[in-house]
Amino acid sequence: MKQAEKPFQFVDAFYLVVVGLQSAHTLREFARELNEVSPYCIFCHTYHALATHHYTSYSSDFAQWVMAGCNEGELAEQLGAIDVRQFVELKDLRAALVREVDEYLTAYPTAADRPAFEPFYFAETREVVQPVDRRAFNLVELAEGMREMSLHSLHYHFVNSRLRLHLRTNDFSNWIENELGFPELALQIKRVDFYTNTLPEVRAEILDCITPWIGR
Amino acid sequence: MSAQPIPAQSSVPPLNDYASIVGKPQIDELWMLAGALANCSAKMVNSTAVGGGVAEILNRVVPLFKEVGLAMQWDVITGGEAFFSVTKAFHNALHGMAYEDRPEWFDVFLATNEENRRRMKFDEDFVVIHDPQPLPLVAAREGKQNHWVWRCHIDLSRPNERVWNFLQPFVEKYDGTLVSSTAFTHPLSIPQFLIAPTIDPLADKNRDLEPEYVQSVLDRFGIDRKRPIITQVSRFDRLKDPLGVIQAYKLVKRYRDCQLVLAGGGATDDPEGSVVFAEVQEAAKGDNDIFLLNLPPWSYLEINALQRASTIVVQKSLREGFGLTVTEALWKRRPVVASGVGGILRQVLHKVTGMLVHSVEGCAYQIRYLLSNPSFAKRLGEAGHDHVKENFLITHTLRNYLVLFLLLKRGVNPS
């Protein structure tokens, strides 16, 4: 079995949400605040929200509010379709969000000042990262660690990793490609859809990808 | 006067027992987090040891904190009848209800807190003060390097300005506040963390029960299992709108045969309970299908059985910081009809984990709808159970506090 020289280091990440920041009562206010809130706020309502939305129509808090609070289905779908996997910098993600809202309000100016059913409350995340006493040198150890990791840890390694690595990949794929030399497996894992699956399902799918490669 | 004694707690199982519900990885991370807080101490302070959601949560979570190695203390402030009448008035006012402005109340409030401050010690690394009653105890932090947090369980979305303006300067002396909903926040100079209250799935109130036991509880109260049972479990408190529940039940009864159970009790910090119970008795007079159960605070198994036996669980609160009884019902896969207020909006996702209502008529209609559509009601119950499992179990409380303490220790600014 192929052994890596540099092991995969598991970490656990925890988040608390800080609220009581700005709020928006109309799309115009929303557009203005979207430009001004901190990057941690953009992270909270997009990346962090991905770990929590299983029952709502959209995985982004922004899209969810535009639908439920403003009843603007087209804009909600456009915001919901912005895929965080395409971004490695929060400033670029913010720019994409702002562009969608601005273009929509240009096309439908009457939507700008219509009062929302409920305000949008901007929030931020605070992160605590703790290294875990577990490392993997091969795929068996990686799979074992993955089975035993918490969902927060999975979210950290698989979703948030893009912002850390500044690459359009995740920690697992990055390590498998660079340390084990299995680019095909890395790509398979990269394609696992964290938008349409819950985190336990994501974990199961990644493990399904890894299993046939064990022993190579 | 000594601090109020904490009653003997029903035993809390070892933390690892919760792995069968939330999974071993989630439990492992709690041990790991607690390891990062080795040798730290903390204190919880509230105003009642028995009755109400706060005491219930602390009863269950404090032993778990101790088990993972945190030196955790729970203290309850003491006060006379006058103090608790004032704090009840403040409680109602903060929920946005009517408030009679009596300046001497502020003096009573401050004097009792000062007595408690002198008697109590606050040498722990982290001090968590629950709700407004003990809020001014923060004066004790002067000259200390420890961290103080105010946990507000109240719906602060529309507080009475006079009371809030009086309390806010005390709030600002803390390192942060914990709120149950984004709508409860106010412009403050300190961080406001969003943390939901939780239930203990292994507590007597929520653990699985033998069907024979459930039946025996119904038999004891004379409730007929063969006919639909609509239940609201809550303290007899105007904010829980028990009279509104009776009105809704009467509207339902025009169309469907059913029984109504209003089960609750009192809390030592709530002097209004007996008055409200008398009003409810009057409203229910003459209807043998209404069961008013004024239960003692240790009736956990009975409440559990009543919730499990219910066809529909109602929570028709007028204001609600967070409805623990809603979470309990969702956990038991019961279809829930609840007011779309306060923290309930996080618990009941309309038509997904339950039905949200805004009036007596709406409440009655949704009860009728669920009685007519049992398969839909069942789907709501299943989704509700999953929603609670993901977000509102005691292991989440443990994790959130441990993360909070670590953040406070390391600095709460964005990393």
# chains A, B, ... in the order shown; residues from 1 in each chain; ligands from 1
call {"tool": "interface_residues", "arguments": {"of": "chain B", "to": "chain A", "cutoff": "8 Å", "atoms": "only C-alpha atoms", "output": "list in words"}}
result
Lys24, Pro25, Gln26, Glu29, Met32, Leu33, Thr182, Ala183, Thr185, His186, Pro187, Leu188, Pro191, Gln192, Phe193, Leu194, Ile195, Val352, Asn400, Val403, Leu404, Leu406, Leu407, Val412, Asn413, Pro414 and Ser415 of chain B
call {"tool": "select_by_dssp", "arguments": {"residues": "stretch 42-194 of chain A", "states": "strand (DSSP E)", "output": "list in words"}}
result
Phe120, Tyr121, Glu124, Thr125, Arg126, Glu127, Val128, Val129, Gln130, Pro131, Val132, Asp133, Arg134, Arg135 and Ala136 of chain A
call {"tool": "select_by_dssp", "arguments": {"residues": "stretch 7-210 of chain A", "states": "helix (DSSP H, G or I)", "output": "ChimeraX atom specification"}}
result
/A:27-36,39-45,48-51,61-68,73-80,84-86,90-107,109-111,139-148,151-158,161-165,171-180,183-190,199-210
call {"tool": "residues_around", "arguments": {"residues": "B:Gln366", "least_positions_apart": "4", "cutoff": "7 Å", "atoms": "only C-alpha atoms", "output": "CSV table (one decimal) with C-alpha atoms, in the first residue's frame"}}
result
chain,number,residue,atom,x,y,z
B,337,VAL,CA,-48.6,23.4,16.0
B,355,MET,CA,-47.0,24.2,11.6
B,362,GLY,CA,-55.0,29.7,12.8
B,370,LEU,CA,-53.3,17.6,11.0
call {"tool": "atom_distance", "arguments": {"atom1": "atom CA of A:Ala49", "atom2": "atom CA of B:His358"}}
result
27.8 Å
call {"tool": "residues_around", "arguments": {"residues": "B:Pro136", "least_positions_apart": "4", "cutoff": "10 Å", "atoms": "only C-alpha atoms", "output": "VMD selection string"}}
result
chain B and resid 109 to 114 116 to 117 129 132 140 167 169 to 171 173
call {"tool": "write_last_selection", "arguments": {"atoms": "C-alpha atoms", "output": "CSV table (one decimal), in the first residue's frame"}}
result
chain,number,residue,atom,x,y,z
B,109,PHE,CA,-34.0,44.5,42.2
B,110,LEU,CA,-30.6,46.1,42.9
B,111,ALA,CA,-30.8,45.6,46.7
B,112,THR,CA,-31.4,41.8,46.4
B,113,ASN,CA,-28.7,41.5,43.8
B,114,GLU,CA,-26.3,43.3,46.1
B,116,ASN,CA,-26.4,38.0,46.7
B,117,ARG,CA,-23.2,39.5,45.4
B,129,ILE,CA,-25.3,34.5,34.4
B,132,PRO,CA,-32.2,39.2,34.0
B,140,ALA,CA,-18.5,41.3,41.3
B,167,LEU,CA,-30.7,46.8,32.3
B,169,PRO,CA,-25.6,49.1,31.2
B,170,PHE,CA,-25.3,45.9,33.2
B,171,VAL,CA,-25.3,43.9,30.0
B,173,LYS,CA,-20.2,45.0,31.5
call {"tool": "residues_around", "arguments": {"residues": "B:Pro13", "least_positions_apart": "5", "cutoff": "12 Å", "atoms": "only C-alpha atoms", "output": "NGL selection string"}}
result
:B and (18-19 or 60-61 or 63-64 or 67 or 200-204 or 207)
call {"tool": "residues_around", "arguments": {"residues": "A:Arg135", "least_positions_apart": "4", "cutoff": "8 Å", "atoms": "only C-alpha atoms", "output": "PDB file with C-alpha atoms, in the first residue's frame"}}
result
ATOM      1  CA  PRO A   7       1.026  12.526   6.641  1.00  0.00           C
ATOM      2  CA  PHE A   8      -2.494  13.912   6.519  1.00  0.00           C
ATOM      3  CA  GLN A   9      -3.021  15.826   9.770  1.00  0.00           C
ATOM      4  CA  PHE A  10      -6.605  15.784  11.020  1.00  0.00           C
ATOM      5  CA  GLU A 141      -5.668   5.388   7.788  1.00  0.00           C
ATOM      6  CA  LEU A 142      -7.333   8.266   5.947  1.00  0.00           C
ATOM      7  CA  GLY A 145      -9.875   8.865  10.393  1.00  0.00           C
TER       8      GLY A 145
END
call {"tool": "residues_around", "arguments": {"residues": "stretch 314-325 of chain B", "least_positions_apart": "4", "cutoff": "6 Å", "atoms": "only C-alpha atoms", "output": "PyMOL selection string"}}
result
chain B and resi 153-155+231-232+239-241+336-339+341-344
